[in-house]
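Here's the structure, in structure tokens; my notes come after.
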Amino acid sequence: MNADLESAMQCLQAELPGRILLDEDSRFAASYDNLRISRMPDVVVRVHEAADVGRCLAIAHQYGISVTTRGAGSSATGSAVPVYAGIVLDLSALGDFSIDVTTRMASVEAGVVTADLQAAAEAKGLFYPPDPSSKSYSTIGGNIACNAGGMRCLKYGVTRDYVVALEGFLADGSPFRWGLPLRKYASGFNMRDLFIGSEGMLGVVTKAYLRLLSLPAVRWTAMVAFADEETALETGVLRLLKAGFAPSILEFLDRQSVVCAEMRKGQPVFPGQPGSTLLLIELDGMDAQKVAQRGRDLITLLQPSSRSYHVAANASEAESIWQVRRTCSQSMFALGDTKLNEDVVVPLDKQSELLRKTLQLREDIGLATPTFGHAGDGNLHVHIMYNRNDADHVAKAKLGIRQLMQSVVALGGVITGEHGIGLAKSSYFDLQHSPAEIASMQAVKKALDPKGILNPGKMFIPFEVWNEATLNVSMPWDHR
Ligand SMILES: Cc1cc2nc3c(=O)[nH]c(=O)nc-3n(C[C@H](O)[C@H](O)[C@H](O)COP(=O)(O)OP(=O)(O)OC[C@H]3O[C@@H](n4cnc5c(N)ncnc54)[C@H](O)[C@@H]3O)c2cc1C
């Protein structure tokens, strides 16, 4: 341990008693996220109250120790991995929140689990729409730091659209308040929006004020089967959006994904239509009759180009439709022990072209490329499945992912729509941004974190996930 780290440890022990975890199990649990790369931190600081964050950062800043903030550690990009060791600042115990039905705002500490906030809002007839699939364990702080999306973004937007104000601490431990829980605020630069999606690299959020909506009274859910990807995207997704439908969910599953789910289940996921491309659709609203009529209109529109459809008769049938989506995600591991899970976005009318490119990629590299995602947003989770102990697979996956990213940018898209850059996409950051754009972002980082202690090693530094010596495949990864 170097002298600065030793001094910092002594200060942490003295100023934050009961918050310091040095045992191997605690440090290991804070060493990785869903990218499944591990680096042991020197210490975990598990805060009990927001003020602990300021104290910890002041000490880290004084001695130049790196700090990686952590919510649930479910990041898909390695953004929560402490690649420079140092301190992991664990905010998961900051779990208080309250809901004001008059202002329709929630005051939420960073460690609150997304689904807990949603359930509490629903109990009051209110609705917090951002719904990453990880919502049963991801935290609001992590959602804000990654600007998390989910299935309902088409109608309701992403996390950013619900953040009214943020509180927290800057790199040197000074407190900040970016906005207030008010309906209007026009003072100064909009630092709130700069912090949303900043992946823990500009400051640490301890509390957020979040906007809530009225809870939709009814939901209509359907699964529609198509012969192939192009038909589903062109005559399904594009046609219904052009016709003015605004589904709350519009999910796409390609045939590779569906076949994986069918292998796992041992039967077609859409009875009578094995190996179809699927669209999973939800409409919602306040008026049951209007929503049902809208559903009938939607089916009338899609029926001529589809193979078949199934409308859920009740909530449990709707749940079994969403189960199909979850099964696809898990069953892909039949195609390889490792999943590169991308979250690219292309313009809506370029999705079929992207699908053609993923199928071509599958031919070129000989690895499966099952793809599903939020087709109403143009946000597709393209996966490349490979075996991580097979050097040939690794080389091909690496080649494939770069080709994919190049295609996405060439189609006018973005390399990430909801997971962020972290480590996993840092090697492609310069495909997306010009040197001047990157220099501007680095200047902001330098101004707010002059010693570079907050989540170092991410975004701006190309990271070779495949060659990383710390990769350990035998660890008991728990995600989920
Ligand atoms: C099965 C699964 C499904 C997923 N589905 C989706 C999905 O549908 N949509 C989606 O958008 N994402 C999804 N994700 C990715 C991930 O869950 C989200 O990015 C989530 O927002 C991360 O929250 P977390 O609490 O786990 O954050 P962590 O993983 O702990 O941290 C993520 C990043 O945020 C920073 N951070 C965390 N808390 C704070 C804070 N309080 N202040 C400042 N920085 C902070 C960390 O330093 C890190 O850079 C999924 C992940 C899994 C494992």
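Letters A, B, ... mark the chains of the structure tokens in the order given; residue numbers begin at 1 per chain; ligand numbers begin at 1, in order shown.
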Can you tell me which residues surround Val101 in chain A at a distance of at most 8 Å, considering only C-alpha atoms, apart from same-chain residues fewer than 3 positions away, and format the answer as a count of residues only? 3
Write as a PyMOL selection string the residues around ligand 1, taking 6 Å as the cut-off and counting only C-alpha atoms and all ligand atoms. chain A and resi 34+68-76+79-80+110+132-134+138-139+141-143+145-146+148-150+199-200+203-206+418-419+479-480
Serialized selection, N, CA and C atoms, as an mmCIF file, in the first residue's frame:
data_model
loop_
_atom_site.group_PDB
_atom_site.id
_atom_site.type_symbol
_atom_site.label_atom_id
_atom_site.label_comp_id
_atom_site.auth_asym_id
_atom_site.auth_seq_id
_atom_site.Cartn_x
_atom_site.Cartn_y
_atom_site.Cartn_z
ATOM 1 N N ASN A 34 -22.065 -6.345 -14.333
ATOM 2 C CA ASN A 34 -22.579 -7.356 -15.249
ATOM 3 C C ASN A 34 -21.693 -7.576 -16.479
ATOM 4 N N THR A 68 -14.822 4.759 -7.143
ATOM 5 C CA THR A 68 -15.829 4.247 -8.071
ATOM 6 C C THR A 68 -17.137 4.119 -7.308
ATOM 7 N N THR A 69 -18.115 4.916 -7.712
ATOM 8 C CA THR A 69 -19.409 4.883 -7.022
ATOM 9 C C THR A 69 -20.186 3.658 -7.487
ATOM 10 N N ARG A 70 -20.935 3.070 -6.563
ATOM 11 C CA ARG A 70 -21.652 1.827 -6.880
ATOM 12 C C ARG A 70 -23.065 1.874 -6.318
ATOM 13 N N GLY A 71 -24.023 1.483 -7.175
ATOM 14 C CA GLY A 71 -25.387 1.288 -6.699
ATOM 15 C C GLY A 71 -25.589 -0.199 -6.493
ATOM 16 N N ALA A 72 -26.223 -0.857 -7.501
ATOM 17 C CA ALA A 72 -26.418 -2.307 -7.406
ATOM 18 C C ALA A 72 -25.340 -3.078 -8.155
ATOM 19 N N GLY A 73 -24.506 -2.379 -8.930
ATOM 20 C CA GLY A 73 -23.477 -3.078 -9.708
ATOM 21 C C GLY A 73 -24.053 -3.890 -10.853
ATOM 22 N N SER A 74 -25.160 -3.444 -11.430
ATOM 23 C CA SER A 74 -25.762 -4.189 -12.546
ATOM 24 C C SER A 74 -25.368 -3.604 -13.902
ATOM 25 N N SER A 75 -24.465 -2.654 -13.919
ATOM 26 C CA SER A 75 -24.055 -2.027 -15.187
ATOM 27 C C SER A 75 -23.642 -3.088 -16.199
ATOM 28 N N ALA A 76 -24.017 -2.851 -17.455
ATOM 29 C CA ALA A 76 -23.699 -3.809 -18.519
ATOM 30 C C ALA A 76 -22.350 -3.512 -19.167
ATOM 31 N N SER A 79 -18.858 -0.134 -16.124
ATOM 32 C CA SER A 79 -18.705 1.220 -15.571
ATOM 33 C C SER A 79 -18.606 1.213 -14.050
ATOM 34 N N ALA A 80 -19.072 0.141 -13.405
ATOM 35 C CA ALA A 80 -18.994 0.081 -11.937
ATOM 36 C C ALA A 80 -17.768 -0.697 -11.446
ATOM 37 N N ALA A 110 -30.249 7.915 -3.449
ATOM 38 C CA ALA A 110 -29.633 7.250 -4.606
ATOM 39 C C ALA A 110 -29.717 5.723 -4.561
ATOM 40 N N PRO A 132 -35.899 -0.172 -16.615
ATOM 41 C CA PRO A 132 -34.877 -1.106 -17.098
ATOM 42 C C PRO A 132 -35.230 -2.519 -16.648
ATOM 43 N N SER A 133 -34.853 -3.511 -17.449
ATOM 44 C CA SER A 133 -35.186 -4.894 -17.085
ATOM 45 C C SER A 133 -34.556 -5.282 -15.750
ATOM 46 N N SER A 134 -33.553 -4.530 -15.332
ATOM 47 C CA SER A 134 -32.890 -4.782 -14.046
ATOM 48 C C SER A 134 -33.595 -4.078 -12.892
ATOM 49 N N SER A 138 -31.697 -2.708 -9.707
ATOM 50 C CA SER A 138 -30.916 -1.493 -10.035
ATOM 51 C C SER A 138 -31.379 -0.340 -9.138
ATOM 52 N N THR A 139 -30.463 0.625 -8.919
ATOM 53 C CA THR A 139 -30.799 1.743 -8.033
ATOM 54 C C THR A 139 -31.100 3.004 -8.860
ATOM 55 N N GLY A 141 -29.827 5.903 -8.304
ATOM 56 C CA GLY A 141 -28.545 6.574 -8.578
ATOM 57 C C GLY A 141 -27.881 6.006 -9.822
ATOM 58 N N GLY A 142 -27.882 4.665 -9.932
ATOM 59 C CA GLY A 142 -27.292 4.020 -11.112
ATOM 60 C C GLY A 142 -28.093 4.333 -12.367
ATOM 61 N N ASN A 143 -29.422 4.366 -12.243
ATOM 62 C CA ASN A 143 -30.273 4.703 -13.398
ATOM 63 C C ASN A 143 -29.956 6.114 -13.904
ATOM 64 N N ALA A 145 -27.121 7.806 -13.358
ATOM 65 C CA ALA A 145 -25.737 7.874 -13.858
ATOM 66 C C ALA A 145 -25.609 7.261 -15.251
ATOM 67 N N CYS A 146 -26.502 6.308 -15.593
ATOM 68 C CA CYS A 146 -26.446 5.680 -16.928
ATOM 69 C C CYS A 146 -27.552 6.191 -17.840
ATOM 70 N N ALA A 148 -30.747 5.428 -17.673
ATOM 71 C CA ALA A 148 -31.327 4.129 -18.040
ATOM 72 C C ALA A 148 -32.625 4.280 -18.831
ATOM 73 N N GLY A 149 -32.820 3.332 -19.718
ATOM 74 C CA GLY A 149 -34.061 3.241 -20.493
ATOM 75 C C GLY A 149 -34.836 2.008 -20.088
ATOM 76 N N GLY A 150 -35.450 1.376 -21.058
ATOM 77 C CA GLY A 150 -36.255 0.186 -20.778
ATOM 78 C C GLY A 150 -37.297 0.028 -21.863
ATOM 79 N N GLU A 199 -22.091 8.652 -15.741
ATOM 80 C CA GLU A 199 -21.461 7.391 -15.320
ATOM 81 C C GLU A 199 -20.531 7.555 -14.117
ATOM 82 N N GLY A 200 -20.928 8.407 -13.185
ATOM 83 C CA GLY A 200 -20.148 8.553 -11.949
ATOM 84 C C GLY A 200 -18.804 9.220 -12.161
ATOM 85 N N GLY A 203 -19.400 13.554 -10.541
ATOM 86 C CA GLY A 203 -19.811 13.800 -9.159
ATOM 87 C C GLY A 203 -20.636 12.614 -8.685
ATOM 88 N N VAL A 204 -21.032 12.667 -7.418
ATOM 89 C CA VAL A 204 -21.809 11.556 -6.849
ATOM 90 C C VAL A 204 -23.187 12.081 -6.458
ATOM 91 N N VAL A 205 -24.209 11.455 -7.003
ATOM 92 C CA VAL A 205 -25.596 11.841 -6.710
ATOM 93 C C VAL A 205 -26.044 11.113 -5.448
ATOM 94 N N THR A 206 -26.575 11.875 -4.484
ATOM 95 C CA THR A 206 -27.085 11.213 -3.274
ATOM 96 C C THR A 206 -28.613 11.255 -3.205
ATOM 97 N N GLU A 418 -28.684 3.117 -24.000
ATOM 98 C CA GLU A 418 -29.138 3.114 -22.607
ATOM 99 C C GLU A 418 -28.111 2.559 -21.624
ATOM 100 N N HIS A 419 -27.128 1.809 -22.070
ATOM 101 C CA HIS A 419 -26.173 1.239 -21.117
ATOM 102 C C HIS A 419 -25.008 2.177 -20.816
ATOM 103 N N HIS A 479 -25.215 -12.163 -11.494
ATOM 104 C CA HIS A 479 -26.283 -11.508 -12.284
ATOM 105 C C HIS A 479 -26.840 -12.485 -13.301
ATOM 106 N N ARG A 480 -27.986 -12.574 -13.181
ATOM 107 C CA ARG A 480 -29.261 -12.604 -12.586
ATOM 108 C C ARG A 480 -30.203 -12.587 -13.748
#
When distances are computed from only C-alpha atoms, which of A:Asn389, A:Thr235, A:Asn2, A:Gln323 shows the smallest separation from Leu301 in chain A?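 Using only C-alpha atoms, the shortest distance to Leu301 in chain A belongs to A:Thr235.
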Near-range 284-293 of chain A list (8 Å; only C-alpha atoms; drop same-chain fewer than 5 positions) as a ChimeraX atom specification: /A:216-220,247-248
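Here the strand (DSSP E or B) residues in range 336-437 of chain A, by DSSP on the backbone, are A:Thr338, A:Lys339, A:Leu340, A:Asn341, A:Asp343, A:Val344, A:Val345, A:Thr371, A:Phe372, A:Gly373, A:His374, A:Asn379, A:Leu380, A:His381, A:Val382, A:His383, A:Ile384, A:Met385, A:Tyr386, A:Val414, A:Thr416.
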Can you work out which one of A:Leu126, A:Ala222, A:Ile438, A:Val67 has the shortest atom-to-atom distance to Ser320 in chain A, counting only C-alpha atoms?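 Comparing A:Leu126, A:Ala222, A:Ile438, A:Val67 against Ser320 in chain A, the winner is A:Ala222.
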Check the smallest atom-to-atom distance from each of A:Met223, A:Ser174, A:Lys458, A:Leu380 to Glu317 in chain A using only C-alpha atoms, then report the winner.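 Selected residue with least distance to Glu317 in chain A: A:Met223.
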Mind checking DSSP for range 88-294 of chain A and telling me the alpha helix (DSSP H) residues as a PyMOL selection string? chain A and resi 114-123+140-146+153-156+191-195+229-231+239-242+255-265+288-294
